[in-house]
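Engineer: Contents are PDB, C-alpha atoms; file name structure.pdb:
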ATOM      1  CA  MET X  21       1.801 -24.317  35.657  1.00  0.00           C
ATOM      2  CA  VAL X  22      -1.326 -22.209  35.419  1.00  0.00           C
ATOM      3  CA  SER X  23      -0.850 -18.450  35.760  1.00  0.00           C
ATOM      4  CA  ARG X  24      -2.008 -17.098  39.090  1.00  0.00           C
ATOM      5  CA  LEU X  25      -3.012 -13.725  40.461  1.00  0.00           C
ATOM      6  CA  ASN X  26      -2.639 -13.025  44.176  1.00  0.00           C
ATOM      7  CA  PRO X  27      -1.855 -10.299  46.710  1.00  0.00           C
ATOM      8  CA  TYR X  28       1.784  -9.612  47.603  1.00  0.00           C
ATOM      9  CA  ILE X  29       2.266  -7.772  50.888  1.00  0.00           C
ATOM     10  CA  SER X  30       5.377  -5.815  51.933  1.00  0.00           C
ATOM     11  CA  PHE X  31       6.298  -5.819  55.609  1.00  0.00           C
ATOM     12  CA  ASP X  32       8.539  -3.623  57.761  1.00  0.00           C
ATOM     13  CA  GLY X  33      10.910  -6.339  59.021  1.00  0.00           C
ATOM     14  CA  ASP X  34       8.298  -8.742  60.396  1.00  0.00           C
ATOM     15  CA  ALA X  35       7.415 -10.745  57.269  1.00  0.00           C
ATOM     16  CA  ARG X  36       8.463 -14.053  58.861  1.00  0.00           C
ATOM     17  CA  GLN X  37       6.146 -13.543  61.843  1.00  0.00           C
ATOM     18  CA  ALA X  38       3.281 -12.319  59.633  1.00  0.00           C
ATOM     19  CA  MET X  39       3.532 -15.172  57.133  1.00  0.00           C
ATOM     20  CA  GLU X  40       3.743 -17.740  59.958  1.00  0.00           C
ATOM     21  CA  PHE X  41       0.630 -16.149  61.476  1.00  0.00           C
ATOM     22  CA  TYR X  42      -1.253 -16.412  58.159  1.00  0.00           C
ATOM     23  CA  LYS X  43      -0.218 -20.071  57.973  1.00  0.00           C
ATOM     24  CA  GLU X  44      -1.790 -20.585  61.419  1.00  0.00           C
ATOM     25  CA  VAL X  45      -4.948 -18.848  60.194  1.00  0.00           C
ATOM     26  CA  PHE X  46      -5.338 -20.503  56.776  1.00  0.00           C
ATOM     27  CA  GLY X  47      -3.201 -23.672  57.048  1.00  0.00           C
ATOM     28  CA  GLY X  48      -1.188 -24.869  54.091  1.00  0.00           C
ATOM     29  CA  THR X  49       2.423 -24.876  53.028  1.00  0.00           C
ATOM     30  CA  LEU X  50       4.706 -21.916  53.716  1.00  0.00           C
ATOM     31  CA  ALA X  51       7.988 -21.373  51.863  1.00  0.00           C
ATOM     32  CA  LEU X  52      10.316 -18.604  53.050  1.00  0.00           C
ATOM     33  CA  ASN X  53      13.513 -17.407  51.342  1.00  0.00           C
ATOM     34  CA  THR X  54      15.851 -14.915  53.028  1.00  0.00           C
ATOM     35  CA  PHE X  55      17.983 -12.161  51.551  1.00  0.00           C
ATOM     36  CA  GLY X  56      20.998 -14.079  52.899  1.00  0.00           C
ATOM     37  CA  GLU X  57      20.098 -17.134  50.814  1.00  0.00           C
ATOM     38  CA  SER X  58      19.971 -14.867  47.767  1.00  0.00           C
ATOM     39  CA  GLY X  59      23.444 -13.390  48.022  1.00  0.00           C
ATOM     40  CA  ALA X  60      23.145 -10.900  50.890  1.00  0.00           C
ATOM     41  CA  SER X  61      24.705 -13.074  53.599  1.00  0.00           C
ATOM     42  CA  GLY X  62      26.665 -11.150  56.209  1.00  0.00           C
ATOM     43  CA  THR X  63      24.425  -8.084  55.881  1.00  0.00           C
ATOM     44  CA  PRO X  64      21.885  -6.765  58.406  1.00  0.00           C
ATOM     45  CA  GLU X  65      19.128  -7.972  56.038  1.00  0.00           C
ATOM     46  CA  ALA X  66      20.464 -11.568  55.772  1.00  0.00           C
ATOM     47  CA  ASP X  67      17.706 -13.061  57.959  1.00  0.00           C
ATOM     48  CA  LYS X  68      14.920 -10.896  56.537  1.00  0.00           C
ATOM     49  CA  ILE X  69      12.449 -12.458  54.116  1.00  0.00           C
ATOM     50  CA  MET X  70      13.123 -11.751  50.423  1.00  0.00           C
ATOM     51  CA  HIS X  71      10.137 -13.852  49.324  1.00  0.00           C
ATOM     52  CA  GLY X  72       7.505 -15.855  51.139  1.00  0.00           C
ATOM     53  CA  MET X  73       4.612 -17.842  49.683  1.00  0.00           C
ATOM     54  CA  LEU X  74       1.730 -19.512  51.479  1.00  0.00           C
ATOM     55  CA  GLU X  75      -0.392 -21.970  49.512  1.00  0.00           C
ATOM     56  CA  THR X  76      -3.510 -23.136  51.355  1.00  0.00           C
ATOM     57  CA  PRO X  77      -5.726 -26.215  51.069  1.00  0.00           C
ATOM     58  CA  SER X  78      -8.560 -23.887  49.969  1.00  0.00           C
ATOM     59  CA  GLY X  79      -6.562 -22.767  46.939  1.00  0.00           C
ATOM     60  CA  PHE X  80      -5.521 -19.373  48.345  1.00  0.00           C
ATOM     61  CA  THR X  81      -2.065 -18.006  47.601  1.00  0.00           C
ATOM     62  CA  LEU X  82      -0.565 -15.204  49.681  1.00  0.00           C
ATOM     63  CA  MET X  83       2.900 -13.823  49.039  1.00  0.00           C
ATOM     64  CA  GLY X  84       4.917 -11.422  51.137  1.00  0.00           C
ATOM     65  CA  ALA X  85       8.388 -10.093  51.916  1.00  0.00           C
ATOM     66  CA  ASP X  86      10.268  -7.591  54.010  1.00  0.00           C
ATOM     67  CA  THR X  87      10.727  -4.249  52.278  1.00  0.00           C
ATOM     68  CA  PRO X  88      14.179  -4.378  50.621  1.00  0.00           C
ATOM     69  CA  PRO X  89      16.903  -1.928  51.609  1.00  0.00           C
ATOM     70  CA  GLY X  90      16.617   1.305  49.656  1.00  0.00           C
ATOM     71  CA  MET X  91      12.842   1.040  49.215  1.00  0.00           C
ATOM     72  CA  ASP X  92      10.372   2.910  51.401  1.00  0.00           C
ATOM     73  CA  TYR X  93       7.851   1.040  53.534  1.00  0.00           C
ATOM     74  CA  THR X  94       4.511   2.837  53.331  1.00  0.00           C
ATOM     75  CA  PRO X  95       1.663   1.433  55.457  1.00  0.00           C
ATOM     76  CA  GLY X  96      -1.496   1.316  53.367  1.00  0.00           C
ATOM     77  CA  GLY X  97       0.577   1.200  50.194  1.00  0.00           C
ATOM     78  CA  ASN X  98       2.409  -1.959  51.182  1.00  0.00           C
ATOM     79  CA  PHE X  99       0.883  -4.421  48.754  1.00  0.00           C
ATOM     80  CA  SER X 100       1.097  -5.364  45.099  1.00  0.00           C
ATOM     81  CA  VAL X 101      -0.840  -7.714  42.904  1.00  0.00           C
ATOM     82  CA  SER X 102       1.368 -10.586  41.745  1.00  0.00           C
ATOM     83  CA  LEU X 103       1.001 -12.393  38.424  1.00  0.00           C
ATOM     84  CA  SER X 104       3.129 -15.523  38.128  1.00  0.00           C
ATOM     85  CA  GLY X 105       3.414 -18.665  36.078  1.00  0.00           C
ATOM     86  CA  ASP X 106       5.397 -20.185  33.233  1.00  0.00           C
ATOM     87  CA  ASP X 107       3.414 -19.003  30.175  1.00  0.00           C
ATOM     88  CA  ASP X 108       5.926 -16.478  28.859  1.00  0.00           C
ATOM     89  CA  THR X 109       3.695 -15.119  26.085  1.00  0.00           C
ATOM     90  CA  GLU X 110       0.638 -14.692  28.310  1.00  0.00           C
ATOM     91  CA  LEU X 111       2.505 -13.039  31.166  1.00  0.00           C
ATOM     92  CA  ARG X 112       4.541 -10.728  28.896  1.00  0.00           C
ATOM     93  CA  GLY X 113       1.251  -9.667  27.306  1.00  0.00           C
ATOM     94  CA  TYR X 114      -0.150  -8.745  30.706  1.00  0.00           C
ATOM     95  CA  TRP X 115       3.087  -6.886  31.533  1.00  0.00           C
ATOM     96  CA  GLU X 116       2.927  -4.831  28.336  1.00  0.00           C
ATOM     97  CA  LYS X 117      -0.674  -3.802  28.990  1.00  0.00           C
ATOM     98  CA  LEU X 118      -0.206  -3.113  32.711  1.00  0.00           C
ATOM     99  CA  SER X 119       2.980  -1.072  32.290  1.00  0.00           C
ATOM    100  CA  ALA X 120       1.679   0.958  29.298  1.00  0.00           C
ATOM    101  CA  GLY X 121       0.974   4.464  30.557  1.00  0.00           C
ATOM    102  CA  GLY X 122       2.307   3.530  33.986  1.00  0.00           C
ATOM    103  CA  THR X 123       5.713   3.476  35.641  1.00  0.00           C
ATOM    104  CA  VAL X 124       8.206   0.624  35.356  1.00  0.00           C
ATOM    105  CA  ILE X 125       9.903   0.161  38.734  1.00  0.00           C
ATOM    106  CA  VAL X 126      11.927  -2.984  37.913  1.00  0.00           C
ATOM    107  CA  PRO X 127      12.214  -3.785  34.189  1.00  0.00           C
ATOM    108  CA  LEU X 128      10.921  -7.207  33.143  1.00  0.00           C
ATOM    109  CA  ASP X 129      14.212  -9.104  32.911  1.00  0.00           C
ATOM    110  CA  LYS X 130      16.096 -12.219  34.082  1.00  0.00           C
ATOM    111  CA  GLN X 131      16.798 -12.050  37.832  1.00  0.00           C
ATOM    112  CA  MET X 132      19.389 -13.626  40.158  1.00  0.00           C
ATOM    113  CA  TRP X 133      16.930 -16.369  41.179  1.00  0.00           C
ATOM    114  CA  GLY X 134      16.599 -17.453  37.543  1.00  0.00           C
ATOM    115  CA  ASP X 135      13.116 -16.200  36.673  1.00  0.00           C
ATOM    116  CA  VAL X 136      12.109 -13.237  34.535  1.00  0.00           C
ATOM    117  CA  PHE X 137      10.613 -10.606  36.868  1.00  0.00           C
ATOM    118  CA  GLY X 138       9.398  -7.038  36.722  1.00  0.00           C
ATOM    119  CA  MET X 139       7.524  -4.511  38.853  1.00  0.00           C
ATOM    120  CA  CYS X 140       5.386  -1.661  37.624  1.00  0.00           C
ATOM    121  CA  SER X 141       2.717   0.738  38.741  1.00  0.00           C
ATOM    122  CA  ASP X 142      -0.183   0.901  36.305  1.00  0.00           C
ATOM    123  CA  ARG X 143      -1.794   4.133  35.126  1.00  0.00           C
ATOM    124  CA  PHE X 144      -4.160   3.982  38.117  1.00  0.00           C
ATOM    125  CA  GLY X 145      -1.315   3.701  40.657  1.00  0.00           C
ATOM    126  CA  ILE X 146      -1.753  -0.020  41.388  1.00  0.00           C
ATOM    127  CA  SER X 147       1.522  -1.908  41.953  1.00  0.00           C
ATOM    128  CA  TRP X 148       2.020  -5.106  39.947  1.00  0.00           C
ATOM    129  CA  MET X 149       4.701  -7.807  40.011  1.00  0.00           C
ATOM    130  CA  VAL X 150       5.100 -10.226  37.106  1.00  0.00           C
ATOM    131  CA  ASN X 151       7.223 -13.363  37.554  1.00  0.00           C
ATOM    132  CA  ILE X 152       7.795 -15.787  34.666  1.00  0.00           C
ATOM    133  CA  SER X 153       9.361 -19.097  35.646  1.00  0.00           C
ATOM    134  CA  GLU X 154      10.856 -21.711  33.343  1.00  0.00           C
ATOM    135  CA  ALA X 155       8.185 -24.033  31.934  1.00  0.00           C
ATOM    136  CA  GLN X 156       8.068 -27.353  33.800  1.00  0.00           C
ATOM    137  CA  GLY X 157       8.345 -30.517  31.810  1.00  0.00           C
TER     138      GLY X 157
END
For the structure just supplied, provide its representation as structure tokens.
Structural biologist:
Amino acid sequence: MVSRLNPYISFDGDARQAMEFYKEVFGGTLALNTFGESGASGTPEADKIMHGMLETPSGFTLMGADTPPGMDYTPGGNFSVSLSGDDDTELRGYWEKLSAGGTVIVPLDKQMWGDVFGMCSDRFGISWMVNISEAQG
């Protein structure tokens, strides 16, 4: 898998509707995963979107999710830039440079969905997410 860079938008409870709208606009394939599917079944957030990804025929990738419980939703500050792929060395290198002098929000570490993931704000205040998946093949 080639590493990719794309916007990641946080929503205030309407991620499903927003991502379905963007699919209508751009076409493509939409994958949605709920908090309930990721271990939060039986909670008020169970049907909310933990992660959504739209991949379009034009090569666009748009990711989004509902703001998780305990995190503030801030209109205008509700997006991050996402770096993802399976090249561990490359992506860890980006993480080290982006997080240096910034603030680590979620340490780069193995997550419940199996990937290595981290969130940081760089020294300019830009939010970044890095997701390293297992190499395919």
Engineer: Would you translate the PyMOL selection byres ((chain X and resi 80) around 12) into the concrete set of residues it matches in this file, as a short mmCIF file (atom, residue, chain, number, x, y, z; two decimals) with C-alpha atoms, in the frame of the given file?
Structural biologist:
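Writing done, so here's expr01.cif:
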data_model
loop_
_atom_site.label_atom_id
_atom_site.label_comp_id
_atom_site.auth_asym_id
_atom_site.auth_seq_id
_atom_site.Cartn_x
_atom_site.Cartn_y
_atom_site.Cartn_z
CA ARG X 24 -2.01 -17.10 39.09
CA LEU X 25 -3.01 -13.72 40.46
CA ASN X 26 -2.64 -13.02 44.18
CA PRO X 27 -1.86 -10.30 46.71
CA TYR X 42 -1.25 -16.41 58.16
CA LYS X 43 -0.22 -20.07 57.97
CA VAL X 45 -4.95 -18.85 60.19
CA PHE X 46 -5.34 -20.50 56.78
CA GLY X 47 -3.20 -23.67 57.05
CA GLY X 48 -1.19 -24.87 54.09
CA THR X 49 2.42 -24.88 53.03
CA LEU X 50 4.71 -21.92 53.72
CA MET X 73 4.61 -17.84 49.68
CA LEU X 74 1.73 -19.51 51.48
CA GLU X 75 -0.39 -21.97 49.51
CA THR X 76 -3.51 -23.14 51.36
CA PRO X 77 -5.73 -26.22 51.07
CA SER X 78 -8.56 -23.89 49.97
CA GLY X 79 -6.56 -22.77 46.94
CA THR X 81 -2.06 -18.01 47.60
CA LEU X 82 -0.56 -15.20 49.68
CA MET X 83 2.90 -13.82 49.04
#
Engineer: Would you work out the distance separating CA of Tyr114 in chain X from CA of Val136 in chain X, expressed in Å to one decimal?
Structural biologist: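 Separating CA of Tyr114 in chain X from CA of Val136 in chain X is a distance of 13.6 Å.
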Engineer: Rounded to one decimal, what separation in Å do you get between CA of Gly62 in chain X and CA of Met132 in chain X?
Structural biologist: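 CA of Gly62 in chain X sits 17.8 Å away from CA of Met132 in chain X.
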Engineer: Step by step, work through what the PyMOL selection byres ((chain X and resi 156) around 8) selects in the shown file, and finish by giving those residues as a list in words.
Structural biologist: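 Matching residues under the PyMOL selection byres ((chain X and resi 156) around 8) are Met21, Asp106, Glu154, Ala155 and Gly157 of chain X.
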Engineer: Output C-alpha atoms for every residue in that selection, as a CSV table (one decimal), in the coordinates of the input.
Structural biologist:
chain,number,residue,atom,x,y,z
X,21,MET,CA,1.8,-24.3,35.7
X,106,ASP,CA,5.4,-20.2,33.2
X,154,GLU,CA,10.9,-21.7,33.3
X,155,ALA,CA,8.2,-24.0,31.9
X,157,GLY,CA,8.3,-30.5,31.8
Engineer: Report, in Å with one decimal, the straight-line distance from CA of Trp133 in chain X to CA of Gly33 in chain X.
Structural biologist: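 If I compute the distance from CA of Trp133 in chain X to CA of Gly33 in chain X, I get 21.3 Å.
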Engineer: Using all atoms listed in the file, which residue out of X:Phe144, X:Thr54, X:Ile152, X:Arg36 lies closest to Gly113 in chain X?
Structural biologist: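 Smallest separation from Gly113 in chain X among the options: X:Ile152.
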Engineer: Rank nothing, just name the residue among X:Gly84, X:Gly122, X:Gly134, X:Gly96 nearest to Asn53 in chain X, using all atoms listed in the file.
Structural biologist: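 Result for the nearest residue to Asn53 in chain X: X:Gly84.
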Engineer: Determine, counting all atoms listed in the file, every residue of protein, DNA or RNA that lies within 12 Å of (13.2, -13.8, 36.1) in the file coordinates, then give the result as a list in words.
Structural biologist: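 Taken together, the residues in range are Ser104, Gly105, Asp106, Asp108, Leu111, Arg112, Val126, Pro127, Leu128, Asp129, Lys130, Gln131, Met132, Trp133, Gly134, Asp135, Val136, Phe137, Gly138, Met139, Met149, Val150, Asn151, Ile152, Ser153 and Glu154 of chain X.
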Engineer: With only C-alpha atoms as the atoms that count, which of X:Ser100, X:Ser30, X:Thr123, X:Ser61 lies nearest to Pro88 in chain X?
Structural biologist: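 With only C-alpha atoms as the atom set, the closest residue is X:Ser30.
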Engineer: Kindly compute an axis-aligned box around the listed atoms of range 46-57 of chain X, allowing 5 Å on each side, and express its centre and edge lengths in Å to one decimal as JSON.
Structural biologist:
{"center_x": 7.8, "center_y": -18.5, "center_z": 53.9, "size_x": 36.3, "size_y": 22.7, "size_z": 16.2}
Engineer: Quick one: which residues end up in the PyMOL selection byres ((chain X and resi 68) around 7) for this structure, as an NGL selection string?
Structural biologist: :X and (33 or 54-55 or 65-67 or 69-70 or 86)
Engineer: Restricting the calculation to all atoms listed in the file, which member of X:Ala60, X:Ala85, X:Ile146, X:Leu103 is positioned closest to Ile29 in chain X?
Structural biologist: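 With all atoms listed in the file as the atom set, the closest residue is X:Ala85.
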Engineer: My list of candidates is X:Asp34, X:Glu44, X:Cys140, X:Val124. Which is closest to Thr87 in chain X when distances are computed with only C-alpha atoms?
Structural biologist: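 Counting only C-alpha atoms, the residue closest to Thr87 in chain X is X:Asp34.
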